[in-house]
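Next up, run_6.txt (compact mmCIF, C-alpha atoms):
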# COMPACT_ATOMS: atom_id res chain seq x y z
CA MET A 1 58.32 -24.64 66.11
CA ARG A 2 57.61 -27.53 68.42
CA ARG A 3 54.66 -28.57 66.31
CA TYR A 4 56.84 -29.03 63.25
CA GLN A 5 59.78 -30.41 65.21
CA ASN A 6 59.80 -33.76 63.44
CA LEU A 7 59.68 -32.07 60.07
CA TRP A 8 62.76 -29.98 60.90
CA LEU A 9 64.52 -33.05 62.23
CA ALA A 10 63.77 -34.97 59.04
CA LEU A 11 65.07 -32.05 57.00
CA GLY A 12 68.27 -32.09 59.04
CA VAL A 13 68.77 -35.79 58.38
CA VAL A 14 68.22 -35.36 54.65
CA LEU A 15 70.70 -32.46 54.52
CA LEU A 16 73.30 -34.44 56.45
CA ALA A 17 72.94 -37.28 53.98
CA VAL A 18 72.90 -35.17 50.82
CA LEU A 19 75.46 -32.43 51.49
CA PRO A 20 78.44 -34.83 51.74
CA LEU A 21 77.79 -35.77 48.11
CA TRP A 22 79.04 -32.29 47.19
CA ILE A 23 81.41 -31.60 50.08
CA ALA A 24 83.45 -34.80 49.93
CA PRO A 25 84.52 -34.66 46.25
CA ALA A 26 85.61 -31.03 46.70
CA PHE A 27 88.17 -31.95 49.36
CA LEU A 28 89.53 -35.10 47.82
CA PRO A 29 92.25 -35.12 45.16
CA ALA A 30 90.55 -35.18 41.79
CA THR A 31 92.69 -37.94 40.34
CA GLY A 32 89.63 -39.77 39.16
CA GLU A 33 91.04 -43.00 40.54
CA VAL A 34 89.80 -42.58 44.08
CA ALA A 35 86.58 -44.52 44.44
CA LEU A 36 84.13 -42.32 46.28
CA PHE A 37 81.56 -43.40 48.86
CA GLU A 38 82.74 -46.91 49.43
CA GLY A 39 81.96 -48.57 52.71
CA ALA A 40 84.12 -47.49 55.65
CA ASP A 41 84.23 -51.14 56.72
CA GLY A 42 85.94 -52.08 53.46
CA LYS A 43 88.43 -49.23 53.85
CA ALA A 44 89.37 -50.47 57.29
CA MET A 45 90.03 -53.94 55.88
CA GLU A 46 92.25 -52.34 53.22
CA LEU A 47 94.18 -50.57 55.96
CA ILE A 48 94.72 -53.92 57.70
CA GLY A 49 96.13 -55.19 54.43
CA LYS A 50 98.61 -52.31 54.47
CA ILE A 51 99.56 -52.68 58.13
CA SER A 52 100.14 -56.43 58.01
CA PRO A 53 100.22 -57.61 54.41
CA GLU A 54 100.87 -61.17 55.53
CA TYR A 55 97.56 -61.39 57.38
CA ARG A 56 94.95 -63.57 55.69
CA PRO A 57 91.36 -63.87 56.88
CA TRP A 58 91.13 -67.31 58.48
CA PHE A 59 87.43 -67.76 57.91
CA SER A 60 85.14 -66.80 55.07
CA PRO A 61 81.40 -66.09 55.09
CA LEU A 62 79.21 -69.17 54.80
CA ILE A 63 76.93 -67.63 52.21
CA GLU A 64 77.76 -64.58 50.19
CA PRO A 65 75.17 -62.61 48.21
CA MET A 66 75.65 -63.52 44.56
CA SER A 67 75.95 -59.87 43.52
CA GLY A 68 75.70 -56.31 44.71
CA GLU A 69 72.08 -56.26 43.57
CA ILE A 70 71.17 -59.19 45.77
CA ALA A 71 73.00 -57.66 48.69
CA SER A 72 71.04 -54.45 48.29
CA LEU A 73 67.83 -56.48 48.05
CA LEU A 74 68.59 -58.06 51.41
CA PHE A 75 69.52 -54.71 52.93
CA SER A 76 66.28 -53.18 51.76
CA PHE A 77 64.41 -56.21 53.08
CA GLN A 78 65.97 -55.58 56.47
CA ALA A 79 64.99 -51.91 56.39
CA ALA A 80 61.49 -52.72 55.13
CA LEU A 81 60.94 -55.18 57.95
CA GLY A 82 61.84 -52.56 60.52
CA ALA A 83 59.90 -49.78 58.82
CA GLY A 84 56.85 -52.04 58.61
CA VAL A 85 56.83 -52.63 62.34
CA ILE A 86 57.28 -48.92 63.08
CA GLY A 87 54.52 -48.04 60.62
CA TYR A 88 52.20 -50.56 62.21
CA TYR A 89 52.87 -49.07 65.63
CA LEU A 90 52.26 -45.50 64.45
CA GLY A 91 49.02 -46.44 62.71
CA ALA A 92 47.71 -48.50 65.60
CA ALA A 93 48.67 -45.88 68.17
CA ARG A 94 47.06 -43.06 66.21
CA MET A 95 43.83 -45.00 65.80
CA ARG A 96 43.79 -45.95 69.48
CA ASP A 97 44.27 -42.31 70.41
CA LYS A 98 41.44 -41.25 68.14
CA LEU A 99 39.02 -43.91 69.36
CA ARG A 100 39.78 -43.10 72.97
CA ARG A 101 39.09 -39.44 72.40
CA GLU A 102 35.80 -40.20 70.69
CA HIS A 103 34.89 -42.53 73.52
CA GLU A 104 35.72 -39.89 76.09
CA ALA A 105 33.75 -37.27 74.21
CA ALA A 106 30.72 -39.58 74.06
CA ALA A 107 31.01 -40.49 77.75
CA GLY A 108 31.42 -36.84 78.62
CA THR A 109 28.19 -35.74 76.94
CA SER A 110 26.09 -38.54 78.39
CA GLU A 111 27.42 -37.86 81.87
CA ASN A 112 26.54 -34.24 81.52
CA ASN A 113 22.98 -35.10 80.52
CA GLY A 114 22.55 -37.38 83.53
CA ASN A 115 24.26 -35.29 86.13
CA PRO A 116 25.16 -31.72 85.24
CA GLU A 117 27.14 -31.18 88.45
CA LYS A 118 29.68 -33.81 87.43
CA ASN A 119 30.71 -31.61 84.58
CA ALA A 120 34.45 -31.92 85.16
CA PRO A 121 36.66 -31.97 82.07
CA PRO A 122 36.81 -35.73 81.56
CA CYS A 123 40.07 -36.01 79.75
CA VAL A 124 42.24 -34.26 82.31
CA GLU A 125 41.84 -37.08 84.83
CA LYS A 126 41.62 -39.92 82.35
CA ALA A 127 44.67 -39.00 80.37
CA GLY A 128 46.89 -39.87 83.30
CA THR A 129 45.37 -43.30 83.89
CA ARG A 130 45.01 -44.54 80.38
CA ARG A 131 46.24 -47.96 79.42
CA ALA A 132 48.61 -48.81 76.61
CA ASP A 133 46.88 -51.36 74.43
CA MET B 1 81.50 -50.86 62.49
CA HIS B 2 81.38 -54.33 60.98
CA ILE B 3 84.66 -56.14 61.22
CA MET B 4 84.52 -58.55 58.32
CA GLU B 5 84.51 -62.31 58.65
CA GLY B 6 87.91 -63.70 59.57
CA TRP B 7 89.57 -60.27 59.85
CA LEU B 8 90.31 -60.55 63.57
CA PRO B 9 93.07 -62.89 64.76
CA LYS B 10 91.67 -66.00 66.44
CA GLU B 11 92.56 -65.00 70.01
CA HIS B 12 90.93 -61.60 69.58
CA ALA B 13 87.80 -63.05 68.00
CA ALA B 14 87.46 -65.56 70.83
CA GLY B 15 88.17 -62.91 73.45
CA TRP B 16 85.47 -60.54 72.20
CA TRP B 17 83.01 -63.44 72.01
CA LEU B 18 83.76 -64.28 75.63
CA ALA B 19 83.31 -60.65 76.61
CA SER B 20 79.96 -60.28 74.83
CA ALA B 21 78.32 -63.63 75.53
CA PRO B 22 77.44 -63.05 79.20
CA PHE B 23 75.77 -59.75 78.31
CA ILE B 24 73.73 -61.38 75.56
CA ALA B 25 72.56 -64.09 77.97
CA CYS B 26 71.86 -61.49 80.64
CA GLY B 27 69.95 -59.40 78.10
CA VAL B 28 67.75 -62.31 77.02
CA TYR B 29 66.91 -62.97 80.65
CA SER B 30 66.22 -59.30 81.38
CA VAL B 31 64.03 -58.82 78.30
CA ARG B 32 61.99 -61.95 79.02
CA LYS B 33 61.45 -60.91 82.60
CA LYS B 34 60.46 -57.39 81.61
CA MET B 35 57.99 -58.63 79.00
CA ARG B 36 56.45 -61.04 81.47
CA ASP B 37 56.03 -58.38 84.13
CA LYS B 38 54.90 -55.64 81.76
CA PRO B 39 53.30 -57.09 78.61
CA GLU B 40 52.26 -53.57 77.60
CA TYR B 41 55.93 -52.75 76.95
CA ARG B 42 56.05 -55.35 74.20
CA ILE B 43 55.06 -52.97 71.43
CA LEU B 44 57.69 -50.45 72.56
CA LEU B 45 60.39 -53.12 72.50
CA GLY B 46 59.19 -54.04 69.02
CA VAL B 47 59.56 -50.44 67.90
CA ALA B 48 63.04 -50.19 69.43
CA ALA B 49 64.16 -53.40 67.71
CA ALA B 50 62.58 -52.33 64.41
CA PHE B 51 64.37 -49.00 64.67
CA THR B 52 67.71 -50.83 64.95
CA PHE B 53 66.80 -52.92 61.92
CA VAL B 54 66.05 -49.86 59.81
CA LEU B 55 68.98 -47.72 60.89
CA SER B 56 71.63 -50.41 60.61
CA ALA B 57 70.53 -51.08 57.04
CA LEU B 58 70.90 -47.45 55.97
CA LYS B 59 74.31 -46.80 54.52
CA LEU B 60 74.74 -43.07 54.30
CA PRO B 61 77.42 -41.02 52.60
CA SER B 62 79.66 -38.97 54.83
CA VAL B 63 81.95 -35.98 54.43
CA THR B 64 85.06 -38.17 54.29
CA GLY B 65 83.87 -39.64 51.00
CA SER B 66 83.01 -43.03 52.36
CA CYS B 67 79.75 -44.60 53.47
CA SER B 68 78.79 -45.88 56.85
CA HIS B 69 75.63 -46.56 58.76
CA PRO B 70 73.98 -45.60 62.04
CA THR B 71 73.22 -48.32 64.60
CA GLY B 72 69.88 -47.42 66.19
CA VAL B 73 70.62 -49.04 69.54
CA GLY B 74 70.42 -45.79 71.51
CA LEU B 75 66.63 -45.69 71.59
CA GLY B 76 66.19 -49.20 72.98
CA ALA B 77 68.99 -48.74 75.47
CA LEU B 78 67.52 -45.65 77.04
CA LEU B 79 64.03 -47.19 77.13
CA PHE B 80 64.84 -50.68 78.38
CA GLY B 81 68.30 -50.37 79.87
CA PRO B 82 71.62 -51.23 78.25
CA VAL B 83 71.62 -55.04 78.58
CA ALA B 84 68.24 -55.34 76.86
CA MET B 85 69.76 -54.20 73.58
CA ALA B 86 72.49 -56.87 73.57
CA PRO B 87 70.20 -59.62 72.21
CA VAL B 88 68.60 -57.20 69.75
CA GLY B 89 71.97 -56.09 68.42
CA PHE B 90 73.02 -59.72 68.31
CA VAL B 91 70.03 -60.66 66.12
CA VAL B 92 70.61 -57.75 63.72
CA LEU B 93 74.30 -58.51 63.38
CA LEU B 94 73.64 -62.24 62.99
CA PHE B 95 71.17 -61.52 60.18
CA GLN B 96 73.76 -59.39 58.41
CA ALA B 97 76.56 -61.87 59.02
CA LEU B 98 74.66 -64.92 57.79
CA LEU B 99 72.68 -63.53 54.89
CA LEU B 100 74.61 -60.48 53.76
CA ALA B 101 78.20 -61.54 54.40
CA HIS B 102 78.40 -58.19 56.21
CA GLY B 103 80.36 -58.72 59.41
CA GLY B 104 80.81 -62.34 60.32
CA ILE B 105 80.33 -65.19 62.76
CA THR B 106 83.90 -65.11 64.00
CA THR B 107 83.82 -61.34 64.47
CA LEU B 108 80.26 -61.28 65.80
CA GLY B 109 81.48 -61.10 69.40
CA ALA B 110 83.55 -58.01 68.66
CA ASN B 111 80.76 -56.40 66.64
CA VAL B 112 78.15 -57.06 69.34
CA PHE B 113 80.56 -55.59 71.86
CA SER B 114 80.98 -52.31 69.98
CA MET B 115 77.43 -51.82 68.75
CA ALA B 116 75.19 -53.42 71.34
CA LEU B 117 77.29 -53.09 74.50
CA VAL B 118 79.44 -49.96 74.25
CA GLY B 119 76.69 -48.23 72.26
CA SER B 120 73.86 -49.06 74.58
CA PHE B 121 75.74 -48.51 77.84
CA THR B 122 76.82 -45.11 76.50
CA ALA B 123 73.25 -44.22 75.55
CA ALA B 124 71.82 -45.23 78.91
CA ALA B 125 74.53 -43.46 80.88
CA VAL B 126 74.47 -40.26 78.83
CA PHE B 127 70.69 -40.08 79.03
CA LYS B 128 70.65 -40.52 82.83
CA LEU B 129 73.44 -38.02 83.35
CA SER B 130 71.98 -35.47 81.01
CA ARG B 131 68.53 -35.71 82.61
CA ARG B 132 70.05 -35.33 86.03
CA CYS B 133 71.68 -32.09 84.88
CA GLY B 134 68.23 -30.85 83.97
CA THR B 135 68.66 -31.02 80.20
CA PRO B 136 65.35 -31.26 78.30
CA VAL B 137 64.25 -34.76 77.28
CA SER B 138 64.69 -34.26 73.51
CA VAL B 139 68.21 -32.89 73.93
CA SER B 140 69.10 -35.75 76.25
CA VAL B 141 67.77 -38.29 73.74
CA PHE B 142 69.77 -36.62 70.99
CA LEU B 143 73.00 -36.64 73.02
CA ALA B 144 72.51 -40.23 74.14
CA ALA B 145 71.86 -41.58 70.65
CA SER B 146 74.60 -39.57 68.92
CA LEU B 147 77.30 -40.40 71.42
CA ALA B 148 76.28 -44.07 71.46
CA ASP B 149 76.59 -44.18 67.69
CA TRP B 150 79.93 -42.41 67.64
CA LEU B 151 81.51 -44.40 70.47
CA THR B 152 80.47 -47.62 68.74
CA TYR B 153 82.77 -46.68 65.88
CA VAL B 154 85.53 -45.51 68.20
CA THR B 155 85.33 -48.96 69.80
CA THR B 156 85.70 -50.65 66.42
CA SER B 157 88.82 -48.55 65.80
CA PHE B 158 90.08 -49.62 69.21
CA GLN B 159 89.45 -53.29 68.47
CA LEU B 160 91.23 -53.16 65.12
CA ALA B 161 94.15 -51.12 66.47
CA TRP B 162 94.59 -53.62 69.27
CA ALA B 163 94.67 -56.50 66.82
CA PHE B 164 96.84 -54.72 64.25
CA PRO B 165 99.35 -52.35 65.90
CA ASP B 166 101.26 -50.21 63.43
CA PRO B 167 103.85 -50.31 64.93
CA ASP B 168 102.22 -49.50 68.24
CA PHE B 169 98.61 -49.32 69.36
CA VAL B 170 98.29 -45.52 69.44
CA SER B 171 99.35 -44.72 65.89
CA SER B 172 97.25 -47.60 64.59
CA PHE B 173 94.26 -46.32 66.58
CA VAL B 174 94.71 -42.88 65.04
CA LYS B 175 94.63 -44.42 61.55
CA PHE B 176 91.55 -46.55 62.14
CA SER B 177 89.81 -43.64 63.85
CA GLY B 178 90.54 -41.59 60.75
CA ILE B 179 88.39 -44.05 58.83
CA PHE B 180 85.64 -44.79 61.33
CA ALA B 181 85.33 -42.01 63.88
CA VAL B 182 85.60 -39.09 61.45
CA THR B 183 83.26 -40.64 58.88
CA GLN B 184 80.80 -41.26 61.65
CA LEU B 185 80.53 -37.68 62.93
CA PRO B 186 77.70 -36.49 60.62
CA LEU B 187 76.06 -39.90 60.80
CA ALA B 188 76.03 -39.76 64.58
CA ILE B 189 74.20 -36.44 64.34
CA SER B 190 71.72 -38.01 61.92
CA GLU B 191 71.15 -40.88 64.28
CA GLY B 192 70.53 -38.44 67.11
CA LEU B 193 67.95 -36.53 65.06
CA LEU B 194 66.20 -39.72 63.90
CA THR B 195 66.05 -41.02 67.45
CA VAL B 196 64.45 -37.79 68.66
CA MET B 197 61.85 -38.15 65.88
CA ILE B 198 60.79 -41.63 66.89
CA PHE B 199 61.02 -40.68 70.55
CA ASN B 200 58.58 -37.82 69.92
CA ALA B 201 56.10 -40.34 68.53
CA LEU B 202 56.51 -42.62 71.53
CA ALA B 203 56.11 -39.68 73.91
CA ARG B 204 52.93 -38.69 72.16
CA PHE B 205 51.28 -42.09 71.95
CA ASN B 206 52.65 -43.88 75.01
CA PRO B 207 53.31 -41.18 77.61
CA ALA B 208 52.00 -43.34 80.45
CA GLU B 209 54.57 -46.08 79.80
CA LEU B 210 57.42 -43.61 79.38
CA ARG B 211 56.53 -41.99 82.68
CA GLU B 212 56.41 -45.39 84.34
CA MET B 213 59.91 -46.06 82.99
CA LYS B 214 60.94 -42.71 84.52
CA ILE B 215 61.86 -41.34 81.12
CA LEU B 216 59.27 -38.60 80.97
CA ASP B 217 58.65 -36.85 84.24
CA ASP B 218 55.30 -35.81 85.54
CA ILE B 219 55.93 -32.10 85.17
CA ARG B 220 56.08 -32.46 81.42
CA GLU B 221 52.90 -34.49 81.43
CA THR B 222 51.06 -31.87 83.48
CA VAL B 223 52.10 -29.19 81.01
CA ARG B 224 50.93 -31.38 78.16
CA GLN B 225 47.58 -31.98 79.78
CA LYS B 226 47.05 -28.32 80.42
CA ARG B 227 47.90 -27.50 76.86
CA ASN B 228 45.76 -30.24 75.38
CA ALA B 229 42.76 -30.29 77.66
CA PRO B 230 40.81 -27.34 76.21
CA LEU B 231 41.64 -28.34 72.66
CA ARG B 232 40.67 -31.92 73.23
CA GLU B 233 37.23 -30.96 74.41
CA SER B 234 36.52 -28.96 71.32
CA GLY B 235 37.77 -31.85 69.25
CA ILE B 236 40.68 -30.19 67.48
CA ARG B 237 43.42 -31.65 69.61
CA ASN B 238 44.50 -33.84 66.75
CA LYS B 239 46.98 -31.31 65.50
CA ALA B 240 48.49 -30.44 68.83
CA GLY B 241 50.67 -33.49 69.32
CA ALA B 242 54.41 -33.50 69.27
File written out as C-alpha cells:
Amino acid sequence: MRRYQNLWLALGVVLLAVLPLWIAPAFLPATGEVALFEGADGKAMELIGKISPEYRPWFSPLIEPMSGEIASLLFSFQAALGAGVIGYYLGAARMRDKLRREHEAAAGTSENNGNPEKNAPPCVEKAGTRRAD
Amino acid sequence: MHIMEGWLPKEHAAGWWLASAPFIACGVYSVRKKMRDKPEYRILLGVAAAFTFVLSALKLPSVTGSCSHPTGVGLGALLFGPVAMAPVGFVVLLFQALLLAHGGITTLGANVFSMALVGSFTAAAVFKLSRRCGTPVSVSVFLAASLADWLTYVTTSFQLAWAFPDPDFVSSFVKFSGIFAVTQLPLAISEGLLTVMIFNALARFNPAELREMKILDDIRETVRQKRNAPLRESGIRNKAGA
C-alpha cells in the first residue's frame, strides 16, 4: 500500500477533478441557460454587481490577454514552468541517489577486499550523513 | 481567490496592501538569509515555488458547477516557515495580475494576504500542531495543505463581505462563502493529496534536509534505514522508496 501511495493519491486527485463533471449538472436546474464550470472568481464579481449595482471597478488591468486562447496559453506556460522545475528536481535527485548507491557499493567491495574485518554495512552509517547536492 | 482588478474599494485595497507589505519584505529577508546560511535548501525552495506555480494555474471543476484552483502554498510554508511564502505568493500573483489580467495590481495586497499569508500561516500552524499530537507526517501534511487552501478562500469571502455588506457583513459573508468556500472543498482535498505526493518525493530524496528542518523525525529515518539497508546491499533498493 505504502509503495503505491503516490499512485493512489494521484487517482484520488483525478477522481476529485472528474466526478464533479457528472455530479454538478445533476444538482443544478436544467434550464440550459446556466453556464456551467465558470470561474468562481467571476461569479463573486457578479455577486458584487448584485449587492451594489452602482459599484464600478475603479481600475482596469494594464494588459489583458487578447482572447481566451491566449489566456490559456499563458496559464499553461505558468504550469509548464513549475512542472519543469519539479521534473528537473526529480530527475536530478533520482540520478544522485543512484550514483551514490553505486559509489557506496563500489567502496564497500574494495574495503572488504582490503580489510575483511571492517565489513560493516556501509550504507547504514552513510545514509544519515549524506549531503544534499 | 483572485479579487479582480479594481473590484475592491480604494480604502480596502490600500488597507490590504499595507497589511501584506511588511510580510512580503520580511519574507524576502528571511528567504535570503536562509539561502545564504543553507545553500543546500535552494533546490527545495525552488520545488516549493514551482509547486505553487503549477497548482495556482490549474483551474479544476468543482461540485458546485464552477471552477476554481488550488494555491500550492502549503508545502513551502511547512518547509520554510510561513513568511517565506509571502514573496513566492507575491510573484505568482503578480505574474497573473500583469500578464493574465487575473487578479490585479490594486487587489494584489488583498490576494497576497489571503493566499500567501493566511494560507501559509495556517499550513505552518496546522502542521506543527498536528505533529505535536503525534499524527503521522503524511496526514499532517495533508491537513496542513488542505486547510491552508480552504482558509485562503474563506479569507477572500471575508474580504469581499467586508467591502460589500449586504446589508450587513454576516449575510454577505454567507453569500460569498457559498461561492468560494463550498466550491473549494473538493479542491482543498485535491491540494492536500497533491502536496502529500510531492512531499513523499522530498522525503525520499532529501531526508537529511527534512530532518534538519525538524520535519521528519529521526525515528522515521531509523525505520527507513532498517527497511532499506538489506535491500540496498543486494542492489534492489530502487523499488523500495516512498
**Study point:** Counting all atoms listed in the file, the option among B:Ala25, B:Val118, B:Leu147, B:Leu160 closest to chain A
**Key:**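 Comparing B:Ala25, B:Val118, B:Leu147, B:Leu160 against chain A, the winner is B:Leu160.
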Let me have the centre and edge lengths of the axis-aligned box enclosing all listed atoms of segment 110-119 of chain B with 8 Å padding on every side, in Å to one decimal, as AutoDock Vina command-line options.
--center_x 79.4 --center_y -53.1 --center_z 70.6 --size_x 24.4 --size_y 25.8 --size_z 23.9
Exercise for review: Quick one: everything within 9 Å of Trp17 of chain B, counting all atoms listed in the file, minus sequence neighbours fewer than 2 positions away in the same chain. Send it as an MDAnalysis selection string.
Suggested key: chainID B and resid 12:15 19:21 106:110 112:113
Point to revise | Near-Val85 of chain A list (8 Å; all atoms listed in the file; drop same-chain fewer than 2 positions) as a PyMOL selection string | key: (chain A and resi 81-83+87-89) or (chain B and resi 46-47+50)
Exercise for review: Can you work out the spacing between atom CA of Asn6 of chain A and atom CA of Ser66 of chain B in Å, to one decimal?
Suggested key: 27.3 Å
Check your understanding: Counting all atoms listed in the file, what is within 12 Å of Lys38 of chain B, bar same-chain residues fewer than 4 positions away, as a PyMOL selection string?
Key -> (chain A and resi 131-133) or (chain B and resi 30-34+42-45+80+209+212-213)
Revision key, fill the gap. Using only C-alpha atoms, the best pick from B:Gln96, B:Ser190, B:Thr195, B:Thr71 as closest to chain A would be B:Ser190
Selection near segment 72-76 of chain B, 8 Å with all atoms listed in the file, sequence-local residues under 6 positions removed, as a PDB file with C-alpha atoms, keeping the file's coordinate frame:
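The file below, out24.pdb, is the result:
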ATOM      1  CA  LEU B  45      60.390 -53.120  72.500  1.00  0.00           C
ATOM      2  CA  ALA B  48      63.040 -50.190  69.430  1.00  0.00           C
ATOM      3  CA  ALA B  49      64.160 -53.400  67.710  1.00  0.00           C
ATOM      4  CA  PHE B  51      64.370 -49.000  64.670  1.00  0.00           C
ATOM      5  CA  THR B  52      67.710 -50.830  64.950  1.00  0.00           C
ATOM      6  CA  PHE B  53      66.800 -52.920  61.920  1.00  0.00           C
ATOM      7  CA  VAL B  54      66.050 -49.860  59.810  1.00  0.00           C
ATOM      8  CA  LEU B  55      68.980 -47.720  60.890  1.00  0.00           C
ATOM      9  CA  SER B  56      71.630 -50.410  60.610  1.00  0.00           C
ATOM     10  CA  PRO B  82      71.620 -51.230  78.250  1.00  0.00           C
ATOM     11  CA  ALA B  84      68.240 -55.340  76.860  1.00  0.00           C
ATOM     12  CA  MET B  85      69.760 -54.200  73.580  1.00  0.00           C
ATOM     13  CA  GLY B  89      71.970 -56.090  68.420  1.00  0.00           C
ATOM     14  CA  MET B 115      77.430 -51.820  68.750  1.00  0.00           C
ATOM     15  CA  ALA B 116      75.190 -53.420  71.340  1.00  0.00           C
ATOM     16  CA  GLY B 119      76.690 -48.230  72.260  1.00  0.00           C
ATOM     17  CA  SER B 120      73.860 -49.060  74.580  1.00  0.00           C
ATOM     18  CA  ALA B 123      73.250 -44.220  75.550  1.00  0.00           C
ATOM     19  CA  ALA B 124      71.820 -45.230  78.910  1.00  0.00           C
ATOM     20  CA  VAL B 141      67.770 -38.290  73.740  1.00  0.00           C
ATOM     21  CA  ALA B 144      72.510 -40.230  74.140  1.00  0.00           C
ATOM     22  CA  ALA B 145      71.860 -41.580  70.650  1.00  0.00           C
ATOM     23  CA  SER B 146      74.600 -39.570  68.920  1.00  0.00           C
ATOM     24  CA  ALA B 148      76.280 -44.070  71.460  1.00  0.00           C
ATOM     25  CA  ASP B 149      76.590 -44.180  67.690  1.00  0.00           C
ATOM     26  CA  GLU B 191      71.150 -40.880  64.280  1.00  0.00           C
ATOM     27  CA  THR B 195      66.050 -41.020  67.450  1.00  0.00           C
ATOM     28  CA  PHE B 199      61.020 -40.680  70.550  1.00  0.00           C
TER      29      PHE B 199
END
Check your understanding: Hey, can you check how far atom CA of Ala203 of chain B sits from atom CA of Leu7 of chain A?
Key ->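 We find that atom CA of Ala203 of chain B and atom CA of Leu7 of chain A lie 16.2 Å from each other.
Pairwise distance (atom CA of Phe173 of chain B, atom CA of Arg56 of chain A) equals 20.4 Å.
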Study note, to complete from the structure: Of B:Pro87, B:Ala77, B:Val139, B:Val170, the one sitting nearest Ile24 of chain B when using all atoms listed in the file is B:Pro87
Check your understanding: Residues at most 7 Å from Ala24 of chain A, counting only C-alpha atoms, excluding those fewer than 3 positions away in the same chain, as a PyMOL selection string?
Key -> (chain A and resi 20-21+27-28) or (chain B and resi 63-65)
Hey, can you spit out that residue selection with C-alpha atoms as a compact mmCIF listing (two decimals), keeping the file's coordinate frame?
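That gives us again22.txt:
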# COMPACT_ATOMS: atom_id res chain seq x y z
CA PRO A 20 78.44 -34.83 51.74
CA LEU A 21 77.79 -35.77 48.11
CA PHE A 27 88.17 -31.95 49.36
CA LEU A 28 89.53 -35.10 47.82
CA VAL B 63 81.95 -35.98 54.43
CA THR B 64 85.06 -38.17 54.29
CA GLY B 65 83.87 -39.64 51.00
Check your understanding: Closest to Leu93 of chain B among B:Ile215, B:His2, B:Phe164, B:Arg36, using all atoms listed in the file?
Key -> B:His2
Check your understanding: From the set A:Leu99, A:Ala107, A:Leu9, A:Ala26, which residue has the shortest atom-to-atom contact distance to chain B, counting all atoms listed in the file?
Key -> A:Leu9
Check your understanding: Restricting the calculation to all atoms listed in the file, which member of B:Leu18, B:Gly134, B:Cys67, B:Leu78 is positioned closest to chain A?
Key ->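 Smallest distance to chain A is found for B:Cys67.
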Please report as JSON lines every residue of chain A lying within 7 Å of chain B, along with the nearest atom pair and their distance in Å (one decimal), using only C-alpha atoms.
{"residue": "A:Arg2", "atom": "CA", "partner": "B:Ala242", "partner_atom": "CA", "distance": 6.8}
{"residue": "A:Arg3", "atom": "CA", "partner": "B:Ala242", "partner_atom": "CA", "distance": 5.8}
{"residue": "A:Asn6", "atom": "CA", "partner": "B:Met197", "partner_atom": "CA", "distance": 5.4}
{"residue": "A:Leu9", "atom": "CA", "partner": "B:Leu193", "partner_atom": "CA", "distance": 5.6}
{"residue": "A:Val13", "atom": "CA", "partner": "B:Ser190", "partner_atom": "CA", "distance": 5.1}
{"residue": "A:Leu16", "atom": "CA", "partner": "B:Pro186", "partner_atom": "CA", "distance": 6.4}
{"residue": "A:Ala17", "atom": "CA", "partner": "B:Pro61", "partner_atom": "CA", "distance": 6.0}
{"residue": "A:Pro20", "atom": "CA", "partner": "B:Val63", "partner_atom": "CA", "distance": 4.6}
{"residue": "A:Leu21", "atom": "CA", "partner": "B:Pro61", "partner_atom": "CA", "distance": 6.9}
{"residue": "A:Ile23", "atom": "CA", "partner": "B:Val63", "partner_atom": "CA", "distance": 6.2}
{"residue": "A:Ala24", "atom": "CA", "partner": "B:Val63", "partner_atom": "CA", "distance": 4.9}
{"residue": "A:Pro25", "atom": "CA", "partner": "B:Gly65", "partner_atom": "CA", "distance": 6.9}
{"residue": "A:Leu36", "atom": "CA", "partner": "B:Gly65", "partner_atom": "CA", "distance": 5.4}
{"residue": "A:Phe37", "atom": "CA", "partner": "B:Ser66", "partner_atom": "CA", "distance": 3.8}
{"residue": "A:Glu38", "atom": "CA", "partner": "B:Ser66", "partner_atom": "CA", "distance": 4.9}
{"residue": "A:Gly39", "atom": "CA", "partner": "B:Cys67", "partner_atom": "CA", "distance": 4.6}
{"residue": "A:Ala40", "atom": "CA", "partner": "B:Ser66", "partner_atom": "CA", "distance": 5.7}
{"residue": "A:Asp41", "atom": "CA", "partner": "B:His2", "partner_atom": "CA", "distance": 6.0}
{"residue": "A:Ala44", "atom": "CA", "partner": "B:Phe176", "partner_atom": "CA", "distance": 6.6}
{"residue": "A:Ile48", "atom": "CA", "partner": "B:Phe164", "partner_atom": "CA", "distance": 6.9}
{"residue": "A:Ile51", "atom": "CA", "partner": "B:Asp166", "partner_atom": "CA", "distance": 6.1}
{"residue": "A:Pro57", "atom": "CA", "partner": "B:Gly6", "partner_atom": "CA", "distance": 4.4}
{"residue": "A:Trp58", "atom": "CA", "partner": "B:Gly6", "partner_atom": "CA", "distance": 5.0}
{"residue": "A:Phe59", "atom": "CA", "partner": "B:Gly6", "partner_atom": "CA", "distance": 4.4}
{"residue": "A:Ser60", "atom": "CA", "partner": "B:Glu5", "partner_atom": "CA", "distance": 5.8}
{"residue": "A:Pro61", "atom": "CA", "partner": "B:Ala101", "partner_atom": "CA", "distance": 5.6}
{"residue": "A:Leu62", "atom": "CA", "partner": "B:Leu98", "partner_atom": "CA", "distance": 6.9}
{"residue": "A:Ile63", "atom": "CA", "partner": "B:Leu99", "partner_atom": "CA", "distance": 6.5}
{"residue": "A:Glu64", "atom": "CA", "partner": "B:Ala101", "partner_atom": "CA", "distance": 5.2}
{"residue": "A:Pro65", "atom": "CA", "partner": "B:Leu100", "partner_atom": "CA", "distance": 6.0}
{"residue": "A:Ala71", "atom": "CA", "partner": "B:Leu100", "partner_atom": "CA", "distance": 6.0}
{"residue": "A:Leu74", "atom": "CA", "partner": "B:Leu100", "partner_atom": "CA", "distance": 6.9}
{"residue": "A:Phe75", "atom": "CA", "partner": "B:Ala57", "partner_atom": "CA", "distance": 5.6}
{"residue": "A:Gln78", "atom": "CA", "partner": "B:Phe53", "partner_atom": "CA", "distance": 6.1}
{"residue": "A:Ala79", "atom": "CA", "partner": "B:Val54", "partner_atom": "CA", "distance": 4.1}
{"residue": "A:Gly82", "atom": "CA", "partner": "B:Ala50", "partner_atom": "CA", "distance": 4.0}
{"residue": "A:Ala83", "atom": "CA", "partner": "B:Val54", "partner_atom": "CA", "distance": 6.2}
{"residue": "A:Val85", "atom": "CA", "partner": "B:Ala50", "partner_atom": "CA", "distance": 6.1}
{"residue": "A:Ile86", "atom": "CA", "partner": "B:Val47", "partner_atom": "CA", "distance": 5.5}
{"residue": "A:Ala93", "atom": "CA", "partner": "B:Phe205", "partner_atom": "CA", "distance": 6.0}
{"residue": "A:Cys123", "atom": "CA", "partner": "B:Ala229", "partner_atom": "CA", "distance": 6.7}
{"residue": "A:Val124", "atom": "CA", "partner": "B:Ala229", "partner_atom": "CA", "distance": 6.1}
{"residue": "A:Gly128", "atom": "CA", "partner": "B:Ala208", "partner_atom": "CA", "distance": 6.8}
{"residue": "A:Ala132", "atom": "CA", "partner": "B:Glu40", "partner_atom": "CA", "distance": 6.1}
{"residue": "A:Asp133", "atom": "CA", "partner": "B:Glu40", "partner_atom": "CA", "distance": 6.6}
